[in-house]
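Enquirer: Right, I'll just put the structure down here and ask away after.
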Amino acid sequence: MASPTKSESNQDDAKQYITEPWSSSFDPSSLSPETLYDMAVLLLQPSSVKLGIPTTKLRLFLSLAQANYRQNAYHCWAHAVHVTFNAYRLLQDLKDLESFDDFDVFVLLFSALIHDLDHPGHSNMMEISNNSKMARLYNDQSVIENNSICIAYNLVHDINLFSDLTTEMQGMLRTRCVELVLATDISPPSGKDRAMLVEAKWNAMVQAMGNSGGSVGSAASGGVDCEFKIVTTEQRQRVSIMLLNIADLGSAMQPVNVFSNWSQRLYIENNKSTGLTQEQHIKTQQPFMQYLCLPLLQFASKYPILKNINVYLNLLQNNLDTWNEMNTVKRCSVITAAYVVQPGVVQSNLVGNDVAMECVKGGVGAKQ
Ligand SMILES: [Zn+2]
């Protein structure tokens, strides 16, 4: 019997990986770009086929999207596939999955895949303060997100990706995709102001869902066992926004080695663009979890949409506890552990980064 080709074995690996549960320590960033590509095909193909999008076009679009993600430590192709995979797993976890049709599924997964396309590796704030061409083009409004949508839709246009959809479907897909990607903008404020903003945003979202006919369970009863029916397109879009936000911030709600790896990648990216030190970076992670991720999950648990919301909450709490501990005496140990698991990432990403390398070389507590 002939042994499988390299491409066949990538596809087999990808098939296996997309069954990994949320709580596993599996991290797509350890995979080759080819296997990540195969994962992206497997995630998007079922819904796109049902919409009548030819698989050859989908595959071409995904290879173009891959080429248009920059080689950043954090906002890269691996992040795009990771977030798409998270969104896919969250969809499986919906209590009311039947309410999502193939179009809704494709809208969410497609938006996840493109949401950071051509990300420059620094913040909107930097684009705006530099008065960059991109900031001027988008009038300082969600600059990087607007750019991602623009680049993605240029690719869509170049290959006529959606030419088999009706004009009405193309319009609806674009409207929903634009709203979803723009909703991934998590620019400041920070700290407690951020928590208030998140809460206000989600309350407005629930109100919109309720107003359009949904049945929202009572928060006073803890919410988890309340009935929640997703009925209208507007409600499915609101839920999709919530799922994409969770998927995008998902590494903070995953096992500690996954979060450590992505946190370290973010540090490397920020260090390169702003000179942020590792110590400063670690201090940003606690408020990020406390005032952005936690309110988001608390919202999701108040209005019961996901079956395993407590799993995400527990994992987030565990990461919060770990980071609080790191802020005191052991700030390098977890990061070190993550890189022992994935030595390739250390070599490719930490070169030239003295502080992080000292942590990795020195082992637990090296920088105490
Ligand atoms: Zn992202």
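Following the order of the structure tokens, first chain is A, next is B, and so on, with residues numbered from 1 inside each chain and ligands from 1 in the order they appear.
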Could you list the protein, DNA and RNA residues that have any atom within 10 Å of ligand 1, counting only C-alpha atoms and all ligand atoms, and write them as a list in words?
Expert: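 If we count only C-alpha atoms and all ligand atoms, the neighbours of ligand 1 turn out to be Tyr74, His75, Cys76, His79, Ala80, His82, Val83, Thr84, Ala112, Leu113, Ile114, His115, Asp116, Leu117, His119, Glu145, Val181, Thr184, Asp185, Ile186, Leu244, Asn245, Ala247, Asp248, Leu249 and Gly250 of chain A.
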Enquirer: I'd like the contact shell of stretch 251-257 of chain A - 7 Å cut-off, only C-alpha atoms, skipping same-chain residues fewer than 3 positions apart - returned as a list of chain:residue names.
Expert: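 Surrounding residues, per the criterion: A:Trp22, A:Ser23, A:Ser25, A:Ser260, A:Asn261, A:Trp262, A:Met289, A:Tyr312, A:Leu313, A:Leu315, A:Leu316, A:Asn319, A:Ala338.
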Enquirer: I need the chosen residues saved as a PDB file, in the first residue's frame, with N, CA and C atoms.
Expert:
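File produced: result-v2.pdb:
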ATOM      1  N   TRP A  22     -12.849  22.296  23.345  1.00  0.00           N
ATOM      2  CA  TRP A  22     -12.387  23.597  23.816  1.00  0.00           C
ATOM      3  C   TRP A  22     -11.402  23.455  24.981  1.00  0.00           C
ATOM      4  N   SER A  23     -11.698  22.526  25.876  1.00  0.00           N
ATOM      5  CA  SER A  23     -10.903  22.432  27.110  1.00  0.00           C
ATOM      6  C   SER A  23      -9.569  21.718  26.906  1.00  0.00           C
ATOM      7  N   SER A  25      -5.668  21.081  25.553  1.00  0.00           N
ATOM      8  CA  SER A  25      -4.519  21.995  25.480  1.00  0.00           C
ATOM      9  C   SER A  25      -4.035  22.185  24.049  1.00  0.00           C
ATOM     10  N   SER A 260      -0.841  31.265  27.693  1.00  0.00           N
ATOM     11  CA  SER A 260       0.538  31.747  27.876  1.00  0.00           C
ATOM     12  C   SER A 260       1.222  31.940  26.536  1.00  0.00           C
ATOM     13  N   ASN A 261       1.006  30.979  25.650  1.00  0.00           N
ATOM     14  CA  ASN A 261       1.637  31.069  24.333  1.00  0.00           C
ATOM     15  C   ASN A 261       1.168  32.316  23.586  1.00  0.00           C
ATOM     16  N   TRP A 262      -0.165  32.538  23.571  1.00  0.00           N
ATOM     17  CA  TRP A 262      -0.685  33.679  22.814  1.00  0.00           C
ATOM     18  C   TRP A 262      -0.381  35.007  23.504  1.00  0.00           C
ATOM     19  N   MET A 289      -8.242  40.429  31.186  1.00  0.00           N
ATOM     20  CA  MET A 289      -9.129  39.310  31.547  1.00  0.00           C
ATOM     21  C   MET A 289     -10.280  39.776  32.435  1.00  0.00           C
ATOM     22  N   TYR A 312     -15.757  27.664  30.180  1.00  0.00           N
ATOM     23  CA  TYR A 312     -14.987  28.846  29.748  1.00  0.00           C
ATOM     24  C   TYR A 312     -14.701  29.752  30.953  1.00  0.00           C
ATOM     25  N   LEU A 313     -15.719  29.920  31.801  1.00  0.00           N
ATOM     26  CA  LEU A 313     -15.541  30.781  32.986  1.00  0.00           C
ATOM     27  C   LEU A 313     -14.454  30.222  33.908  1.00  0.00           C
ATOM     28  N   LEU A 315     -11.947  28.224  33.138  1.00  0.00           N
ATOM     29  CA  LEU A 315     -10.621  28.341  32.524  1.00  0.00           C
ATOM     30  C   LEU A 315     -10.112  29.781  32.613  1.00  0.00           C
ATOM     31  N   LEU A 316     -11.010  30.732  32.404  1.00  0.00           N
ATOM     32  CA  LEU A 316     -10.621  32.148  32.511  1.00  0.00           C
ATOM     33  C   LEU A 316     -10.183  32.465  33.940  1.00  0.00           C
ATOM     34  N   ASN A 319      -6.786  31.220  34.575  1.00  0.00           N
ATOM     35  CA  ASN A 319      -5.753  32.081  33.977  1.00  0.00           C
ATOM     36  C   ASN A 319      -5.581  33.367  34.780  1.00  0.00           C
ATOM     37  N   ALA A 338       5.034  26.999  28.703  1.00  0.00           N
ATOM     38  CA  ALA A 338       4.401  27.007  27.387  1.00  0.00           C
ATOM     39  C   ALA A 338       5.424  26.799  26.289  1.00  0.00           C
TER      40      ALA A 338
END
Enquirer: Atom CA of A:Phe26 and atom CA of A:Phe100 are how many Å apart?
Expert: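 About the pair atom CA of A:Phe26 and atom CA of A:Phe100: they are 26.6 Å apart.
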Enquirer: Counting only C-alpha atoms, which residues of stretch 86-130 of chain A fall within 12 Å of stretch 158-172 of chain A, and what is the closest atom pair for each with its distance in Å at one decimal, ordered by chain and rising number, as CSV?
Expert:
residue,atom,partner,partner_atom,distance
A:Phe103,CA,A:Met169,CA,8.8
A:Asp104,CA,A:Met172,CA,10.4
A:Phe106,CA,A:Met169,CA,11.8
A:Val107,CA,A:Met172,CA,9.4
A:Phe110,CA,A:Leu161,CA,11.9
Enquirer: Filtering to C-alpha atoms, could you give me those residues as a PDB file, in the first residue's frame?
Expert:
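Output contents, as saved in out33.pdb:
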ATOM      1  CA  PHE A 103     -25.870  30.995   5.830  1.00  0.00           C
ATOM      2  CA  ASP A 104     -25.493  32.085   9.486  1.00  0.00           C
ATOM      3  CA  PHE A 106     -20.836  30.659   6.921  1.00  0.00           C
ATOM      4  CA  VAL A 107     -21.204  34.365   7.841  1.00  0.00           C
ATOM      5  CA  PHE A 110     -15.949  33.613   7.113  1.00  0.00           C
TER       6      PHE A 110
END
Enquirer: Skip A:Leu90 itself and residues of its chain fewer than 3 positions away, then list as a PyMOL selection string all residues within 12 Å of it, counting only C-alpha atoms.
Expert: chain A and resi 21-23+83-87+93-97+105+108-109+239-248+250+300+305-309+311-312
Enquirer: In Å to one decimal, how far is atom CA of A:Asp140 from atom CA of A:Glu127?
Expert: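 If I compute the distance from atom CA of A:Glu127 to atom CA of A:Asp140, I get 8.1 Å.
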Enquirer: One number please: atom CA of A:Phe299 to atom CA of A:Ala183, in Å, one decimal.
Expert: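 These atoms are spaced 15.9 Å apart.
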Enquirer: Pick from A:Arg89, A:Lys15, A:Arg59, A:Arg238: nearest to A:Leu180, with only C-alpha atoms counted?
Expert: A:Arg238
Enquirer: Calculated over only C-alpha atoms, which of the candidates A:Val156, A:Glu269, A:Thr175, A:Leu320 has the smallest distance to A:Leu294?
Expert: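 Looking only at the distances to A:Leu294, the closest residue turns out to be A:Leu320.
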Enquirer: Considering only C-alpha atoms, state which residue in the set A:Leu58, A:Asp118, A:Ser48, A:Leu137 is at the smallest distance from A:Gln71.
Expert: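 Looking at the shortest contact to A:Gln71, the residue is A:Asp118.
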Enquirer: Could you give me the residues within stretch 130-316 of chain A that DSSP places in helix (DSSP H, G or I), as a ChimeraX atom specification?
Expert: /A:133-137,143-159,167-182,191-211,219-221,233-248,250-253,256-274,278-302,309-316
Enquirer: Find the residues near A:Ala14: any atom within 9 Å, counting only C-alpha atoms, skip ones fewer than 5 places away on the same chain, and give them as a PyMOL selection string.
Expert: chain A and resi 9+35-40+42
Enquirer: What does the file look like for those residues with N, CA and C atoms, as a PDB file, in the first residue's frame?
Expert:
ATOM      1  N   SER A   9      -1.289  13.660   4.469  1.00  0.00           N
ATOM      2  CA  SER A   9      -1.135  13.527   5.919  1.00  0.00           C
ATOM      3  C   SER A   9      -1.489  14.829   6.628  1.00  0.00           C
ATOM      4  N   THR A  35      -1.043  22.777   7.290  1.00  0.00           N
ATOM      5  CA  THR A  35      -2.074  22.100   8.079  1.00  0.00           C
ATOM      6  C   THR A  35      -3.137  23.111   8.526  1.00  0.00           C
ATOM      7  N   LEU A  36      -2.694  24.336   8.850  1.00  0.00           N
ATOM      8  CA  LEU A  36      -3.661  25.385   9.207  1.00  0.00           C
ATOM      9  C   LEU A  36      -4.583  25.670   8.032  1.00  0.00           C
ATOM     10  N   TYR A  37      -4.005  25.671   6.830  1.00  0.00           N
ATOM     11  CA  TYR A  37      -4.819  25.896   5.625  1.00  0.00           C
ATOM     12  C   TYR A  37      -5.857  24.780   5.491  1.00  0.00           C
ATOM     13  N   ASP A  38      -5.428  23.532   5.693  1.00  0.00           N
ATOM     14  CA  ASP A  38      -6.369  22.409   5.583  1.00  0.00           C
ATOM     15  C   ASP A  38      -7.463  22.508   6.647  1.00  0.00           C
ATOM     16  N   MET A  39      -7.076  22.985   7.831  1.00  0.00           N
ATOM     17  CA  MET A  39      -8.093  23.180   8.882  1.00  0.00           C
ATOM     18  C   MET A  39      -9.113  24.218   8.441  1.00  0.00           C
ATOM     19  N   ALA A  40      -8.612  25.321   7.864  1.00  0.00           N
ATOM     20  CA  ALA A  40      -9.517  26.397   7.422  1.00  0.00           C
ATOM     21  C   ALA A  40     -10.486  25.865   6.368  1.00  0.00           C
ATOM     22  N   LEU A  42     -11.508  22.755   5.997  1.00  0.00           N
ATOM     23  CA  LEU A  42     -12.464  21.852   6.651  1.00  0.00           C
ATOM     24  C   LEU A  42     -13.524  22.613   7.449  1.00  0.00           C
TER      25      LEU A  42
END
Enquirer: Name the residues in contact with A:Pro120 at a cut-off of 8 Å, using only C-alpha atoms, excluding same-chain residues fewer than 2 positions from it; report them as a list in words.
Expert: Arg70, Asn72, Asp118, His122 and Ile144 of chain A
